[in-house]
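Text of the file start_23.txt, holding compact mmCIF, C-alpha atoms:
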```txt
# COMPACT_ATOMS: atom_id res chain seq x y z
CA MET A 293 -32.56 -23.39 55.96
CA ALA A 294 -32.98 -26.89 54.52
CA LYS A 295 -30.20 -29.26 55.36
CA LEU A 296 -27.35 -30.28 53.15
CA LYS A 297 -27.47 -34.08 52.81
CA LYS A 298 -24.32 -35.99 53.65
CA GLY A 299 -22.04 -36.50 50.67
CA THR A 300 -23.85 -33.98 48.43
CA ARG A 301 -21.57 -32.86 45.64
CA CYS A 302 -21.11 -29.23 44.58
CA SER A 303 -23.65 -28.43 41.82
CA ILE A 304 -21.03 -26.69 39.66
CA CYS A 305 -18.33 -29.34 40.17
CA LYS A 306 -20.89 -32.03 39.32
CA ALA A 307 -21.70 -30.32 36.03
CA LYS A 308 -17.98 -30.29 35.22
CA GLY A 309 -17.54 -33.95 36.11
CA GLU A 310 -15.58 -33.12 39.28
CA LYS A 311 -16.28 -34.61 42.70
CA GLU A 312 -15.82 -31.80 45.23
CA LYS A 313 -18.20 -32.03 48.22
CA ALA A 314 -20.63 -29.19 48.83
CA VAL A 315 -20.22 -27.21 52.08
CA VAL A 316 -22.96 -24.63 51.57
CA PHE A 317 -26.59 -25.11 50.57
CA LEU A 318 -28.60 -22.18 49.24
CA PRO A 319 -32.21 -23.47 49.13
CA HIS A 320 -33.59 -20.25 47.61
CA HIS A 321 -31.25 -20.71 44.64
CA ARG A 322 -31.39 -24.55 44.73
CA LEU A 323 -27.61 -24.64 44.84
CA ALA A 324 -25.18 -26.79 46.81
CA LEU A 325 -21.67 -25.39 46.52
CA CYS A 326 -18.09 -26.13 47.51
CA ARG A 327 -15.95 -23.40 49.04
CA LYS A 328 -14.35 -22.30 45.75
CA HIS A 329 -17.59 -22.13 43.81
CA PHE A 330 -19.46 -20.37 46.62
CA VAL A 331 -16.85 -17.59 46.56
CA SER A 332 -17.06 -17.21 42.76
CA TRP A 333 -20.90 -17.45 42.88
CA PHE A 334 -20.94 -14.61 45.46
CA GLU A 335 -18.68 -12.35 43.41
CA LYS A 336 -20.61 -13.01 40.21
CA ARG A 337 -23.87 -12.17 41.99
CA VAL A 338 -22.41 -8.89 43.24
CA GLU A 339 -21.18 -8.02 39.74
CA LYS A 340 -24.58 -8.90 38.24
CA THR A 341 -26.31 -6.62 40.78
CA VAL A 342 -23.87 -3.77 40.01
CA LYS A 343 -24.69 -4.13 36.30
CA GLU A 344 -28.45 -4.70 36.73
CA PHE A 345 -28.88 -1.41 38.58
CA ARG A 346 -26.13 0.39 36.64
CA MET A 347 -24.40 1.26 39.89
CA PHE A 348 -20.89 2.04 38.60
CA SER A 349 -18.21 0.97 36.15
CA LYS A 350 -14.49 0.21 36.34
CA LYS A 351 -13.78 3.91 35.61
CA ASP A 352 -15.52 5.14 38.77
CA ARG A 353 -13.78 5.90 42.04
CA ILE A 354 -15.65 4.08 44.78
CA LEU A 355 -15.57 4.79 48.49
CA VAL A 356 -16.76 1.83 50.56
CA ALA A 357 -18.33 2.70 53.90
CA VAL A 358 -16.41 0.36 56.19
CA SER A 359 -17.64 -0.41 59.69
CA GLY A 360 -15.36 -3.35 60.44
CA GLY A 361 -18.34 -5.70 60.15
CA LYS A 362 -18.70 -8.68 57.80
CA ASP A 363 -20.84 -6.93 55.19
CA SER A 364 -18.67 -3.91 54.51
CA LEU A 365 -15.44 -5.91 54.52
CA SER A 366 -16.93 -8.64 52.29
CA LEU A 367 -18.19 -5.96 49.91
CA TRP A 368 -14.79 -4.26 49.78
CA ASN A 369 -13.05 -7.59 49.18
CA ALA A 370 -15.46 -8.58 46.40
CA LEU A 371 -15.23 -5.20 44.62
CA VAL A 372 -11.42 -5.26 44.66
CA ASN A 373 -11.41 -8.88 43.41
CA LEU A 374 -13.79 -7.86 40.62
CA GLY A 375 -11.32 -5.17 39.53
CA TYR A 376 -13.13 -2.06 40.74
CA GLN A 377 -11.26 0.96 42.15
CA ALA A 378 -12.53 0.77 45.72
CA ASP A 379 -11.05 2.39 48.82
CA GLY A 380 -12.41 2.36 52.35
CA PHE A 381 -13.85 5.03 54.63
CA TYR A 382 -14.10 4.40 58.35
CA ILE A 383 -15.81 6.68 60.86
CA ASP A 384 -14.55 6.28 64.41
CA LEU A 385 -17.84 6.66 66.28
CA GLY A 386 -16.15 6.88 69.67
CA ILE A 387 -18.08 3.92 71.12
CA ASP A 388 -15.41 2.70 73.59
CA GLN A 389 -14.01 -0.78 72.96
CA TYR A 390 -16.37 -1.42 70.05
CA SER A 391 -14.90 1.43 68.00
CA GLN A 392 -11.32 0.57 68.95
CA ASP A 393 -11.76 -3.07 67.91
CA SER A 394 -13.64 -2.36 64.69
CA LYS A 395 -11.13 0.33 63.65
CA GLN A 396 -8.23 -2.07 64.15
CA LEU A 397 -9.98 -4.76 62.07
CA ALA A 398 -10.74 -2.28 59.28
CA LEU A 399 -7.11 -1.10 59.28
CA SER A 400 -5.66 -4.61 59.21
CA PHE A 401 -7.97 -5.50 56.34
CA SER A 402 -6.99 -2.45 54.29
CA GLU A 403 -3.33 -3.43 54.71
CA LYS A 404 -4.12 -7.01 53.69
CA ILE A 405 -5.80 -5.97 50.43
CA ASP A 406 -3.40 -3.04 49.94
CA ARG A 407 -6.06 -0.35 49.48
CA SER A 408 -6.34 3.02 51.25
CA LEU A 409 -8.56 3.42 54.29
CA HIS A 410 -9.61 6.99 55.13
CA ILE A 411 -10.41 7.48 58.80
CA VAL A 412 -12.47 10.25 60.34
CA SER A 413 -12.99 10.69 64.06
CA LEU A 414 -16.49 11.71 65.12
CA LYS A 415 -15.08 12.97 68.43
CA GLU A 416 -13.00 15.51 66.51
CA GLU A 417 -15.69 16.36 63.95
CA LEU A 418 -18.72 16.65 66.22
CA ALA A 419 -18.96 14.45 69.33
CA PRO A 420 -18.80 10.71 69.97
CA ILE A 421 -22.05 8.73 69.61
CA PRO A 422 -22.53 8.22 73.39
CA VAL A 423 -22.56 12.04 73.79
CA ILE A 424 -24.77 12.61 70.73
CA ASP A 425 -27.18 10.04 72.15
CA THR A 426 -27.68 12.15 75.28
CA VAL A 427 -28.91 15.17 73.30
CA SER A 428 -30.83 13.31 70.60
CA ASN A 429 -34.49 12.43 70.94
CA ARG A 430 -34.24 9.67 68.34
CA PRO A 431 -32.89 6.11 68.77
CA ALA A 432 -29.05 5.98 68.75
CA CYS A 433 -28.97 4.04 65.43
CA SER A 434 -31.02 6.72 63.73
CA ALA A 435 -28.80 9.62 64.86
CA CYS A 436 -25.72 7.53 64.06
CA GLY A 437 -27.02 6.88 60.53
CA THR A 438 -27.54 10.62 59.99
CA VAL A 439 -23.99 11.57 60.98
CA LYS A 440 -22.47 8.68 59.02
CA ARG A 441 -24.31 9.67 55.83
CA TYR A 442 -23.29 13.30 56.30
CA TYR A 443 -19.54 12.71 56.77
CA MET A 444 -19.44 9.97 54.17
CA ASN A 445 -20.93 12.31 51.57
CA ARG A 446 -18.80 15.26 52.57
CA TYR A 447 -15.52 13.35 52.56
CA ALA A 448 -16.30 11.45 49.35
CA LYS A 449 -16.49 14.84 47.59
CA GLU A 450 -13.39 16.21 49.30
CA LEU A 451 -11.37 13.08 48.52
CA GLY A 452 -12.53 12.87 44.89
CA TYR A 453 -14.75 9.78 44.93
CA ASN A 454 -17.93 9.78 42.83
CA ILE A 455 -19.56 6.65 44.31
CA ILE A 456 -20.37 5.67 47.89
CA ALA A 457 -20.94 1.93 48.36
CA THR A 458 -22.49 0.57 51.54
CA GLY A 459 -22.70 -3.04 52.73
CA HIS A 460 -26.49 -3.17 53.20
CA ASN A 461 -27.52 -6.75 52.46
CA LEU A 462 -30.81 -8.41 51.48
CA ASP A 463 -31.81 -8.99 55.12
CA ASP A 464 -31.17 -5.32 55.96
CA GLU A 465 -33.23 -4.18 52.99
CA VAL A 466 -36.04 -6.65 53.68
CA ALA A 467 -36.20 -5.69 57.38
CA VAL A 468 -36.41 -1.98 56.48
CA LEU A 469 -38.98 -2.68 53.75
CA PHE A 470 -41.04 -4.73 56.21
CA GLY A 471 -40.89 -1.97 58.84
CA ASN A 472 -41.77 0.76 56.36
CA THR A 473 -44.64 -1.31 54.98
CA LEU A 474 -45.98 -2.04 58.47
CA HIS A 475 -46.08 1.72 59.07
CA TRP A 476 -47.04 2.54 55.47
CA ASP A 477 -44.23 5.04 55.51
CA VAL A 478 -44.51 6.13 51.89
CA ASN A 479 -41.78 8.75 52.14
CA TYR A 480 -39.23 6.13 53.14
CA LEU A 481 -40.60 3.50 50.75
CA LYS A 482 -40.06 5.68 47.74
CA ARG A 483 -36.41 6.11 48.63
CA GLN A 484 -35.79 2.39 49.09
CA TYR A 485 -33.88 1.64 45.93
CA PRO A 486 -30.35 0.19 45.73
CA VAL A 487 -29.17 3.31 43.89
CA LEU A 488 -29.65 6.88 45.04
CA GLU A 489 -28.58 9.06 42.16
CA GLU A 490 -26.13 11.92 42.60
CA GLU A 491 -27.71 15.36 42.73
CA ASP A 492 -26.83 18.88 43.90
CA GLY A 493 -24.17 18.05 46.45
CA PHE A 494 -25.12 14.43 47.06
CA VAL A 495 -22.75 11.72 45.81
CA ARG A 496 -24.34 8.63 44.20
CA LYS A 497 -24.99 5.93 46.83
CA VAL A 498 -25.24 2.24 45.98
CA LYS A 499 -25.89 -1.07 47.73
CA PRO A 500 -24.19 -3.86 45.75
CA LEU A 501 -25.03 -6.53 48.37
CA CYS A 502 -28.79 -5.92 48.18
CA LYS A 503 -29.38 -9.43 46.80
CA ILE A 504 -26.93 -11.18 49.14
CA THR A 505 -28.29 -12.57 52.41
CA GLU A 506 -26.64 -11.88 55.73
CA LYS A 507 -25.60 -15.51 56.03
CA GLU A 508 -24.08 -15.53 52.54
CA SER A 509 -22.08 -12.46 53.49
CA ALA A 510 -20.84 -14.11 56.72
CA LEU A 511 -19.92 -17.28 54.78
CA TYR A 512 -18.01 -15.25 52.18
CA ALA A 513 -16.08 -13.50 54.97
CA PHE A 514 -15.36 -16.86 56.60
CA PHE A 515 -14.13 -18.54 53.39
CA ASN A 516 -11.87 -15.58 52.61
CA GLY A 517 -10.40 -15.48 56.10
CA ILE A 518 -11.73 -11.97 56.67
CA GLU A 519 -11.57 -11.02 60.33
CA TYR A 520 -14.46 -8.78 61.28
CA ILE A 521 -16.09 -7.46 64.42
CA GLU A 522 -18.33 -10.27 65.61
CA TYR A 523 -20.06 -8.68 68.54
CA GLU A 524 -22.86 -6.18 68.26
CA CYS A 525 -22.55 -2.44 68.75
CA PRO A 526 -23.73 -1.83 72.35
CA PHE A 527 -26.15 0.83 71.06
CA SER A 528 -27.94 -1.51 68.65
CA GLU A 529 -29.31 -3.74 71.41
CA GLY A 530 -33.04 -4.23 71.08
CA ALA A 531 -33.14 -2.65 67.61
CA SER A 532 -36.43 -3.45 65.88
CA SER A 533 -34.52 -4.49 62.75
CA ILE A 534 -33.17 -7.55 64.61
CA GLU A 535 -36.70 -8.57 65.63
CA TYR A 536 -37.91 -8.21 62.05
CA LYS A 537 -34.97 -10.23 60.76
CA GLU A 538 -35.71 -13.11 63.14
CA LEU A 539 -39.38 -13.05 62.23
CA LEU A 540 -38.65 -13.03 58.51
CA SER A 541 -36.10 -15.83 58.86
CA ARG A 542 -38.86 -18.06 60.28
CA LEU A 543 -40.91 -17.42 57.15
CA GLU A 544 -37.87 -18.01 54.95
CA GLU A 545 -37.18 -21.33 56.66
CA LYS A 546 -40.62 -22.62 55.69
CA HIS A 547 -40.76 -20.92 52.31
CA PRO A 548 -37.31 -20.42 50.81
CA GLY A 549 -37.10 -17.40 48.55
CA THR A 550 -39.70 -15.31 50.43
CA LYS A 551 -37.26 -12.53 51.36
CA LEU A 552 -35.77 -12.19 47.91
CA GLN A 553 -39.20 -12.17 46.33
CA PHE A 554 -40.60 -9.61 48.78
CA TYR A 555 -37.70 -7.28 47.96
CA THR A 556 -37.32 -7.80 44.20
CA ASN A 557 -41.08 -7.66 43.58
CA PHE A 558 -41.24 -4.41 45.54
CA LEU A 559 -38.54 -2.97 43.28
CA LYS A 560 -40.27 -4.27 40.17
CA ASN A 561 -43.95 -3.66 40.95
CA MET A 562 -44.33 -1.12 43.74
CA TYR A 563 -41.32 1.19 43.51
CA PRO A 564 -42.18 2.50 39.99
CA ILE A 565 -45.69 3.45 41.18
CA LEU A 566 -44.38 5.30 44.22
CA LYS A 567 -41.75 7.03 42.11
CA GLU A 568 -44.37 8.22 39.63
CA HIS A 569 -46.17 10.16 42.34
CA GLU A 570 -43.06 11.67 43.80
CA LYS A 571 -42.96 15.42 43.97
CA LYS A 572 -39.31 16.08 43.33
CA GLU A 573 -37.94 18.57 45.80
CA LYS A 574 -34.52 19.99 45.08
CA PRO A 575 -31.99 20.00 47.90
CA LYS A 576 -30.77 23.36 49.19
CA LYS A 577 -27.48 24.25 50.82
CA CYS A 578 -27.30 24.29 54.61
CA ILE A 579 -26.92 27.93 55.65
CA ILE A 580 -24.25 26.93 58.19
CA CYS A 581 -22.03 24.29 56.55
CA GLY A 582 -23.10 24.45 52.89
CA GLU A 583 -23.84 20.73 52.66
CA PRO A 584 -27.02 19.62 50.84
CA THR A 585 -30.21 19.51 52.90
CA TYR A 586 -33.97 19.79 52.45
CA ALA A 587 -34.29 22.20 55.39
CA ASP A 588 -32.50 25.52 55.96
CA ILE A 589 -30.14 23.94 58.47
CA CYS A 590 -28.93 20.35 57.98
CA SER A 591 -29.47 17.66 60.63
CA VAL A 592 -25.81 17.58 61.65
CA CYS A 593 -25.62 21.34 62.19
CA LYS A 594 -28.85 21.13 64.21
CA MET A 595 -27.22 18.41 66.27
CA ARG A 596 -24.15 20.62 66.78
CA GLU A 597 -26.41 23.40 68.08
CA ARG A 598 -28.05 21.02 70.54
CA LEU A 599 -24.63 19.81 71.69
CA LYS A 600 -23.50 23.41 72.30
CA LYS A 601 -26.60 24.13 74.37
CA ALA A 602 -26.10 20.96 76.42
CA VAL A 603 -22.54 21.91 77.47
CA MET B 231 -21.68 -33.58 77.89
CA ASP B 232 -20.17 -30.11 78.05
CA ILE B 233 -19.13 -28.36 74.86
CA GLU B 234 -17.06 -25.22 74.93
CA ILE B 235 -17.85 -22.80 72.14
CA LYS B 236 -16.74 -19.38 71.02
CA TYR B 237 -19.57 -17.00 70.20
CA ARG B 238 -19.24 -13.35 69.24
CA GLY B 239 -15.69 -13.20 70.58
CA LYS B 240 -16.52 -14.81 73.96
CA LYS B 241 -16.11 -18.34 75.25
CA GLN B 242 -19.05 -20.14 76.82
CA VAL B 243 -19.93 -23.70 77.85
CA LEU B 244 -23.08 -25.49 76.70
CA LYS B 245 -24.41 -28.39 78.78
CA PHE B 246 -26.19 -31.31 77.12
CA ASP B 247 -28.02 -34.31 78.64
CA LYS B 248 -26.98 -36.65 75.86
CA GLU B 249 -23.67 -37.99 74.56
CA LYS B 250 -24.08 -37.58 70.81
CA ILE B 251 -24.16 -33.90 70.01
CA THR B 252 -24.51 -32.43 66.53
CA ALA B 253 -23.86 -28.95 65.14
CA GLY B 254 -27.65 -28.61 64.83
CA ASP B 255 -28.01 -29.32 68.58
CA ILE B 256 -25.59 -26.49 69.33
CA LEU B 257 -27.60 -24.00 67.26
CA LYS B 258 -30.82 -25.20 68.89
CA ALA B 259 -29.36 -24.88 72.40
CA MET B 260 -28.39 -21.29 71.60
CA GLY B 261 -31.80 -20.47 70.15
CA LEU B 262 -30.32 -19.78 66.71
CA SER B 263 -31.70 -20.80 63.33
CA PRO B 264 -29.53 -22.35 60.60
CA GLU B 265 -31.24 -19.80 58.39
CA TYR B 266 -28.86 -17.13 59.71
CA ALA B 267 -26.29 -18.98 61.83
CA PHE B 268 -23.70 -21.71 61.33
CA VAL B 269 -21.17 -23.78 63.25
CA VAL B 270 -17.46 -23.90 62.49
CA LYS B 271 -15.72 -27.07 63.69
CA ASN B 272 -11.92 -27.08 63.68
CA GLY B 273 -11.89 -24.31 61.07
CA GLU B 274 -14.39 -25.95 58.69
CA ILE B 275 -18.15 -25.43 58.27
CA ALA B 276 -20.01 -28.20 60.10
CA GLN B 277 -23.28 -29.43 58.61
CA GLU B 278 -26.24 -29.66 61.00
CA ASP B 279 -26.06 -33.45 61.38
CA GLU B 280 -22.29 -33.47 61.94
CA THR B 281 -21.29 -34.68 65.41
CA VAL B 282 -19.08 -32.60 67.65
CA SER B 283 -17.04 -33.61 70.67
CA PRO B 284 -15.49 -31.66 73.57
CA GLN B 285 -12.08 -31.97 71.88
CA ASP B 286 -13.25 -30.00 68.83
CA GLU B 287 -12.67 -26.31 68.50
CA ILE B 288 -16.16 -24.91 68.00
CA LYS B 289 -17.17 -21.47 66.89
CA VAL B 290 -20.74 -20.33 66.32
CA VAL B 291 -21.36 -17.55 63.80
CA ASN B 292 -24.60 -15.60 63.96
CA ALA B 293 -24.93 -13.51 60.80
CA ILE B 294 -27.73 -11.27 62.10
CA SER B 295 -26.74 -7.77 63.01
CA GLY B 296 -28.86 -4.78 63.80
CA GLY B 297 -28.62 -1.03 63.66
```

What would the structure in this file look like if it were written as structure tokens?
Amino acid sequence: MAKLKKGTRCSICKAKGEKEKAVVFLPHHRLALCRKHFVSWFEKRVEKTVKEFRMFSKKDRILVAVSGGKDSLSLWNALVNLGYQADGFYIDLGIDQYSQDSKQLALSFSEKIDRSLHIVSLKEELAPIPVIDTVSNRPACSACGTVKRYYMNRYAKELGYNIIATGHNLDDEVAVLFGNTLHWDVNYLKRQYPVLEEEDGFVRKVKPLCKITEKESALYAFFNGIEYIEYECPFSEGASSIEYKELLSRLEEKHPGTKLQFYTNFLKNMYPILKEHEKKEKPKKCIICGEPTYADICSVCKMRERLKKAV
Amino acid sequence: MDIEIKYRGKKQVLKFDKEKITAGDILKAMGLSPEYAFVVKNGEIAQEDETVSPQDEIKVVNAISGG
């Protein structure tokens, strides 16, 4: 990221004839901002994204998938500040100290902003991630994603929320897009949109931070005094997404705006073509739990079967 | 010069051969890019060319997370 020169004034303050010093430089937006204007810039950008993709309105009941990390807590904070009805949903994954710490941070934050936090324990629902990992033949993050999506969707319906918002940021989306493009994984590419519409048992899922970089999200958390889990989940070590992110950041350093362009041009130019050729398959109901699935038995029920066999 | 920093919830000490250390030197020593990481000095964001001393309370934030 290009450096902020000493004594640079905030671009917005300067336009208003004020003299506040800039503390953040966003080369891809050609903006140098003070603390106050960075926070308002961030929230405006989130609101613009919500409106651009018609994610939800002030009438909707939103459930934010909260992990205790910077992205989900920043998202929750921004949505509440923007006047949306947003509560939190935390899944205790049963990953030792990591889950204990992140749960505590999520709880403290919900008290601070005075919004409800719904908590579900994976140990009680199915099995903790370290146990699931022993019976799964996929990477831990992949199995974890499956169970999180399942319980999030199920509880959103039970608790009466019509929107699920996740904290996926631009770097997450770009890393996934890069990986899926490297493998030409068309089936994943055609689902990579910041809104997944509601249908037959699936609640609408949205990603309001899809145009916010990971660093912008960490800065927003910092400026708002949001305490979040700073260390990595022990199961995510060596995840390919981290490698992709580092690689892409080197490109971004030399050519600011590369990540945003890669993502937004995909949405504008490539996504509509992929969507056109999509054969729409309707979800069925899992014959065991009744939740929506494209197979006869959903992935979580299959996992439960494997867990039973392993005991 | 030794600089004590806090990184991802843990304290660690960085050793430098020179006396004038900047926030940018800290990121470099940790192998982090300012593209996704930043330094907090005494509770405020430190720009890359800002000097730091052993008396300062230093925290390094790496925004990259996986999963």

* **chain A contacts on chain B, all atoms listed in the file, 10 Å, as a ChimeraX atom specification** => /B:237-240,254,262-268,270,273-280,291-297

Store the residues picked out above in a file with C-alpha atoms, as a PDB file, in the coordinates of the input.
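Result written to selection-v7.pdb:
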```pdb
ATOM      1  CA  TYR B 237     -19.570 -17.000  70.200  1.00  0.00           C
ATOM      2  CA  ARG B 238     -19.240 -13.350  69.240  1.00  0.00           C
ATOM      3  CA  GLY B 239     -15.690 -13.200  70.580  1.00  0.00           C
ATOM      4  CA  LYS B 240     -16.520 -14.810  73.960  1.00  0.00           C
ATOM      5  CA  GLY B 254     -27.650 -28.610  64.830  1.00  0.00           C
ATOM      6  CA  LEU B 262     -30.320 -19.780  66.710  1.00  0.00           C
ATOM      7  CA  SER B 263     -31.700 -20.800  63.330  1.00  0.00           C
ATOM      8  CA  PRO B 264     -29.530 -22.350  60.600  1.00  0.00           C
ATOM      9  CA  GLU B 265     -31.240 -19.800  58.390  1.00  0.00           C
ATOM     10  CA  TYR B 266     -28.860 -17.130  59.710  1.00  0.00           C
ATOM     11  CA  ALA B 267     -26.290 -18.980  61.830  1.00  0.00           C
ATOM     12  CA  PHE B 268     -23.700 -21.710  61.330  1.00  0.00           C
ATOM     13  CA  VAL B 270     -17.460 -23.900  62.490  1.00  0.00           C
ATOM     14  CA  GLY B 273     -11.890 -24.310  61.070  1.00  0.00           C
ATOM     15  CA  GLU B 274     -14.390 -25.950  58.690  1.00  0.00           C
ATOM     16  CA  ILE B 275     -18.150 -25.430  58.270  1.00  0.00           C
ATOM     17  CA  ALA B 276     -20.010 -28.200  60.100  1.00  0.00           C
ATOM     18  CA  GLN B 277     -23.280 -29.430  58.610  1.00  0.00           C
ATOM     19  CA  GLU B 278     -26.240 -29.660  61.000  1.00  0.00           C
ATOM     20  CA  ASP B 279     -26.060 -33.450  61.380  1.00  0.00           C
ATOM     21  CA  GLU B 280     -22.290 -33.470  61.940  1.00  0.00           C
ATOM     22  CA  VAL B 291     -21.360 -17.550  63.800  1.00  0.00           C
ATOM     23  CA  ASN B 292     -24.600 -15.600  63.960  1.00  0.00           C
ATOM     24  CA  ALA B 293     -24.930 -13.510  60.800  1.00  0.00           C
ATOM     25  CA  ILE B 294     -27.730 -11.270  62.100  1.00  0.00           C
ATOM     26  CA  SER B 295     -26.740  -7.770  63.010  1.00  0.00           C
ATOM     27  CA  GLY B 296     -28.860  -4.780  63.800  1.00  0.00           C
ATOM     28  CA  GLY B 297     -28.620  -1.030  63.660  1.00  0.00           C
TER      29      GLY B 297
END
```

* Structure fact -> Residue with the minimum atom-to-atom distance to Gly380 (chain A), picked from A:Val439, A:Leu566, A:Cys305, A:Ala457 with only C-alpha atoms counted, is A:Ala457

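For the atom pair formed by CA of Phe330 (chain A) and CA of Lys306 (chain A), the distance is 13.8 Å, given to one decimal.
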
* List the neighbours of Glu335 (chain A) out to 6 Å using all atoms listed in the file; skip same-chain residues closer than 3 positions along the sequence, and give me the result as JSON, numbers by chain. => {"A": [332, 338, 370]}

For region 259-271 of chain B, what centre and edge lengths in Å (one decimal) does the axis-aligned box get once 5 Å is added on each side of all its listed atoms, as AutoDock Vina command-line options?
```
--center_x -23.8 --center_y -22.1 --center_z 65.4 --size_x 26.1 --size_y 19.9 --size_z 24.0
```

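If you look at CA of Gln553 (chain A) and CA of Trp333 (chain A), they are 19.4 Å away from each other.
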
Skipping near chain neighbours, those fewer than 2 positions away, what residues fall within 6 Å of Met231 (chain B) using only C-alpha atoms, listed as a PDB file with C-alpha atoms, keeping the file's coordinate frame?
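After the write, out03.pdb holds the following:
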```pdb
ATOM      1  CA  LYS B 245     -24.410 -28.390  78.780  1.00  0.00           C
ATOM      2  CA  PHE B 246     -26.190 -31.310  77.120  1.00  0.00           C
ATOM      3  CA  GLU B 249     -23.670 -37.990  74.560  1.00  0.00           C
TER       4      GLU B 249
END
```
